[in-house]
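Chemist: Input: one structure, supplied below.
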Amino acid sequence: MSSSKSQKKSQSMKRQKTIPPNNGNNNVFHVLSDEIIFIILDCLEQNPIDKKSFSLVCKSFHAAESKHRKKLKPLRSDHLPRVLRRYPYVTHVDLTLCPRVPDASLAAVSKAYRSTLRSIDLSRSNCFSGTGLLSLTANCKNLVEIDLSNATELRDSAAAALAEAKNLEKLWLGRCKMVTDMGVGCIAVGCKKLRLIHLKWCLRVTDLGVGLLAVKCKDLRSLDLSYLPITDKCLPSIFELQYLEDLVLEGCFGIDDDSLSTFKHGCKSLKKLEISSCQNISHVGLSALASCSEGCLEQLVLSYGSPVTLALADSLEKLPTLQSIKLDGCLVTCPGLKSIGNWCVSLRELSLSKCVGVTDEGLSSILKKHKDLRKLDITCCREITYASIAQISESCTALTSLKMESCTLVPREAFVLIGQRGQTLEEIDITDNEVDDEGLNSISRCSELSSLKLGICLNITDNGVVNIGMRCMKLLELDLYRCTGISDSSMSAIARGCPGLEMINIAYCKDITDSSLISLSKCSSLNTVESRGCPLITSLGLAAIAVGCKQLTKLDVKKCSNIDDAGMIPLAHFSQNLRQINLSYSSVTDVGLLSLASISCLQSLTILHLKGLSPNGLAAALLACGGLTKVKLQTTFKSLLPKALFEHLEARGCVFQWRDKFFRAELDPQCWKIQLEDIMA
């Protein structure tokens, strides 16, 4: 035995000696291969700050991180020259944080990533033209995805440039309102490998352009034609696409029952069809659709369309593979719902949000049959009562998502039933309901819960929320908007029990103090804090959030009058990921606002009714915050600042939204709710 141990020790020592000497280099990481370092970097994907810290360890880590990065998302286009040199192996470029992307920037990207670039996202950018796009498509031969959504100024010449991307598979052109049939025709001829194209709100594209796409791009899987002025003329070509799986015809008012009859000519692979807001489609067209389907259709969206009558429901019974149906905003009848309940298929998703006519009898008839439901949305179904919730609890034991905002006739005792058999629930929205602490205690049994919305639930107190914190350890999102019965003890329990919390809304919870923010600062993944209308919060609590929650991207402290410049300094120092902030009605002055200029990510700034803000201080802050894309200001500043300043900032990509609102005193929560109900009525 001792001889065997001696041999192993000797072999180990020999292996150690084979490691090359470091020649005086004290870096202990020099023996790690790139593969091992890449595995480490893969574990740091969620937090960019961690990857940045990693790259600063030593030169070898810095070089390895450069090689490892495949996705690039710069804050401004003027950063591009530096980051393009820093990261030579990028395959995906996301420029959505850059409001202005000139053609020169696209040319630089195409030059740097000629052989590696596979996708680019320009969906929130402007200032580029067909010239810049041509440099991309002509040079980057491996480009397969381009997102140009919201490029409202692009014309057919830009679409012609896209035709040079011969390997393009996915293209988004939503709201490209100047592109016509001619431009789409160029794309159809040049990009024959297209598998996805979205043309939503491309109002100048008609049957001709869509027909050309269907004829030339035979591999199309996904086609979005929402709000296009098309008719049934282009549908035969579309329905002949043998691989088409997802077709969106939302708001296509020229589509009617006769149009759907052409479905019989093909499209046997279709899995999802959306024809919401198509007022001219009735049970007649749907019956033709169902009779021609060969058992592939899984999702059907009929929102804001024809009434859900017995005839309409019967027409859909012939869809044997249907798993999801959305009827949001439709007038429904009890016979129609009962007919859905008699379908042979077993639905997985049902959405009846804002449907008028949903009753206990109709809803229960569906739930008794479709016991495999995973997602149920009955938002604003104001006629359902305890009976419906009892049926949900009894039948839908595999439910993962339940949305029932503003179901005002459901009594508080009904919410106890949700937690009794809803252990699989991951998402619950019971905003504006009568739930109380006993209901929350029951809901806290849903240990898989990741999202809980309790806004305007005036009957809940700390006792109920504390139980949520103790038992729902996977909670990521908690909305307590205007829940005036909660205080710091609730936040303490949530922070202790839900360390992965990412979003918290405590707006108008007037008993919340700095203690709550100090507790929440322990949730290091917190990225959204909405605490407007919390008068007891001060800069001390805000500083704790800034120090502890370095992933913070959205902050709303509107009407927090005790937030002042002392809270802005730690934000400026620690919250380098902050992108959106609302400081309206706070005590922040020129000094605090100017300090935010050090946050390079900051894009959206709302600063209404800041008494300590002067025109000169505002001008300095706006100029210093170089990444701003949206600013909400009081109209009075429009005449106090030089026009040239606004022109300069707008040329930089910043959009100004002017408001002329007077200060309003807050209503008592109960009065506010009554006023809201009157408006809804």
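Chains: A, B, ... in order of the structure tokens. Residues: from 1 per chain. Ligands: from 1, in order shown.
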Can you list, as a PyMOL selection string, every protein, DNA or RNA residue that comes within 10 Å of segment 219-222 of chain A when you count only C-alpha atoms, leaving out same-chain residues fewer than 6 positions away?
Modeler: chain A and resi 169-170+192-198+213+238+241-248+269-272
Chemist: Give me the residues near Ser346 of chain A as number ranges by chain, where near means some atom within 8 Å (using only C-alpha atoms) and where sequence neighbours in that chain fewer than 3 positions away do not count.
Modeler: A: 322-323, 343, 369-373
Chemist: List the neighbours of segment 554-568 of chain A out to 8 Å using only C-alpha atoms; skip same-chain residues closer than 6 positions along the sequence, and give me the result as a PyMOL selection string.
Modeler: chain A and resi 527-540+542-543+578-589+591-593+595-596
Chemist: Skip Lys52 of chain A itself and residues of its chain fewer than 6 positions away, then list as a PyMOL selection string all residues within 12 Å of it, counting only C-alpha atoms.
Modeler: chain A and resi 41+44-46+58+61-66+69
Chemist: For a quick check of understanding, using only C-alpha atoms, which of A:Ala163, A:Val205, A:Ile389, A:Ala104 has the smallest distance to Asp78 of chain A?
Modeler: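 For Asp78 of chain A, the nearest of the candidates is A:Ala104.
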Chemist: Please report the interatomic distance between atom CA of Leu117 of chain A and atom CA of Gly174 of chain A in Å with one decimal.
Modeler: 22.3 Å
Chemist: May I have the residues within 12 Å of Cys396 of chain A as a ChimeraX atom specification, using only C-alpha atoms and disregarding those fewer than 4 positions away in the same chain?
Modeler: /A:346-350,364,366-376,388-392,400-402,417-418,420-425
Chemist: Run DSSP on the backbone of this structure and report the residues of segment 144-342 of chain A it assigns to helix (DSSP H, G or I), as a PyMOL selection string.
Modeler: chain A and resi 156-162+181-190+207-216+235-239+257-265+283-292+310-315+334-341
Chemist: Would you work out the distance separating atom CA of Ser487 of chain A from atom CA of Cys509 of chain A, expressed in Å to one decimal?
Modeler: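 That distance, rounded to one decimal, is 7.5 Å.
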Chemist: Could you tell me how far atom CA of Ser406 of chain A lies from atom CA of Thr431 of chain A, in Å and to one decimal?
Modeler: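 For atom CA of Ser406 of chain A relative to atom CA of Thr431 of chain A, the distance reads 6.3 Å.
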Chemist: Which residue is closest to Arg100 of chain A? Choose from A:Asn126, A:Thr606, A:Ser324, A:Thr137 and count only C-alpha atoms.
Modeler: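 Among the listed residues, the smallest separation from Arg100 of chain A belongs to A:Asn126.
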Chemist: Please, which residues of segment 456-529 of chain A, numbered as in this document, come out strand (DSSP E or B) from DSSP, as a ChimeraX atom specification?
Modeler: /A:477-479,503-505,528-529
Chemist: Go ahead and write the selection's residues with N, CA and C atoms as an mmCIF file, in the first residue's frame.
Modeler:
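Wrote it out as part_37.cif, contents follow:
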```
data_model
loop_
_atom_site.group_PDB
_atom_site.id
_atom_site.type_symbol
_atom_site.label_atom_id
_atom_site.label_comp_id
_atom_site.auth_asym_id
_atom_site.auth_seq_id
_atom_site.Cartn_x
_atom_site.Cartn_y
_atom_site.Cartn_z
ATOM 1 N N GLU A 477 -41.192 39.243 -8.950
ATOM 2 C CA GLU A 477 -41.946 40.480 -9.217
ATOM 3 C C GLU A 477 -43.089 40.605 -8.220
ATOM 4 N N LEU A 478 -43.153 41.741 -7.537
ATOM 5 C CA LEU A 478 -44.217 41.992 -6.559
ATOM 6 C C LEU A 478 -44.760 43.399 -6.764
ATOM 7 N N ASP A 479 -46.063 43.482 -7.013
ATOM 8 C CA ASP A 479 -46.731 44.766 -7.252
ATOM 9 C C ASP A 479 -47.710 45.030 -6.110
ATOM 10 N N MET A 503 -38.239 43.050 -9.275
ATOM 11 C CA MET A 503 -39.112 44.217 -9.450
ATOM 12 C C MET A 503 -40.002 44.388 -8.241
ATOM 13 N N ILE A 504 -40.110 45.617 -7.733
ATOM 14 C CA ILE A 504 -40.999 45.928 -6.614
ATOM 15 C C ILE A 504 -41.735 47.229 -6.911
ATOM 16 N N ASN A 505 -43.043 47.222 -6.697
ATOM 17 C CA ASN A 505 -43.853 48.431 -6.863
ATOM 18 C C ASN A 505 -44.536 48.718 -5.532
ATOM 19 N N THR A 528 -35.905 47.111 -10.851
ATOM 20 C CA THR A 528 -36.980 48.096 -10.981
ATOM 21 C C THR A 528 -37.552 48.423 -9.615
ATOM 22 N N VAL A 529 -37.516 49.703 -9.249
ATOM 23 C CA VAL A 529 -38.089 50.167 -7.986
ATOM 24 C C VAL A 529 -39.062 51.303 -8.302
#
```
Chemist: Skipping near chain neighbours, those fewer than 2 positions away, what residues fall within 6 Å of Cys654 of chain A using only C-alpha atoms, listed as number ranges by chain?
Modeler: A: 628-630, 649-650, 652
Chemist: Quick one: residues within 7 Å of Ala544 of chain A, only C-alpha atoms counted, chain neighbours fewer than 4 positions away excluded, as a list of chain:residue names?
Modeler: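 Final neighbour list, sorted by chain and number: A:Leu517, A:Ile518, A:Ser521, A:Leu540, A:Gly548.
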Chemist: Quick one: write out the picked residues with all heavy atoms as a compact mmCIF listing (two decimals), in the first residue's frame?
Modeler:
```txt
# COMPACT_ATOMS: atom_id res chain seq x y z
N LEU A 517 -36.49 50.47 2.10
CA LEU A 517 -35.47 50.52 1.06
C LEU A 517 -34.16 49.90 1.53
O LEU A 517 -33.46 49.24 0.76
CB LEU A 517 -35.25 51.96 0.60
CG LEU A 517 -36.45 52.67 -0.05
CD1 LEU A 517 -36.00 53.97 -0.69
CD2 LEU A 517 -37.11 51.78 -1.09
N ILE A 518 -33.83 50.09 2.79
CA ILE A 518 -32.61 49.47 3.33
C ILE A 518 -32.74 47.95 3.31
O ILE A 518 -31.80 47.23 2.98
CB ILE A 518 -32.34 49.99 4.76
CG1 ILE A 518 -31.98 51.48 4.71
CG2 ILE A 518 -31.23 49.19 5.43
CD1 ILE A 518 -31.91 52.15 6.07
N SER A 521 -32.46 46.69 -0.28
CA SER A 521 -31.11 46.83 -0.85
C SER A 521 -30.33 45.52 -0.77
O SER A 521 -29.30 45.37 -1.43
CB SER A 521 -30.35 47.95 -0.13
OG SER A 521 -30.05 47.58 1.20
N LEU A 540 -31.60 58.87 2.28
CA LEU A 540 -30.87 57.81 2.99
C LEU A 540 -31.28 56.44 2.46
O LEU A 540 -30.42 55.59 2.18
CB LEU A 540 -31.16 57.90 4.49
CG LEU A 540 -30.49 56.83 5.37
CD1 LEU A 540 -28.98 56.96 5.31
CD2 LEU A 540 -30.99 56.93 6.81
N GLY A 548 -26.65 48.82 -2.84
CA GLY A 548 -26.90 47.38 -2.82
C GLY A 548 -27.44 46.79 -4.11
O GLY A 548 -27.23 45.61 -4.38
```
Chemist: Ranking A:Pro102, A:Gly612, A:Pro81, A:Gly329 by minimum distance to Lys354 of chain A and counting only C-alpha atoms, which one comes first?
Modeler: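 Comparing A:Pro102, A:Gly612, A:Pro81, A:Gly329 against Lys354 of chain A, the winner is A:Gly329.
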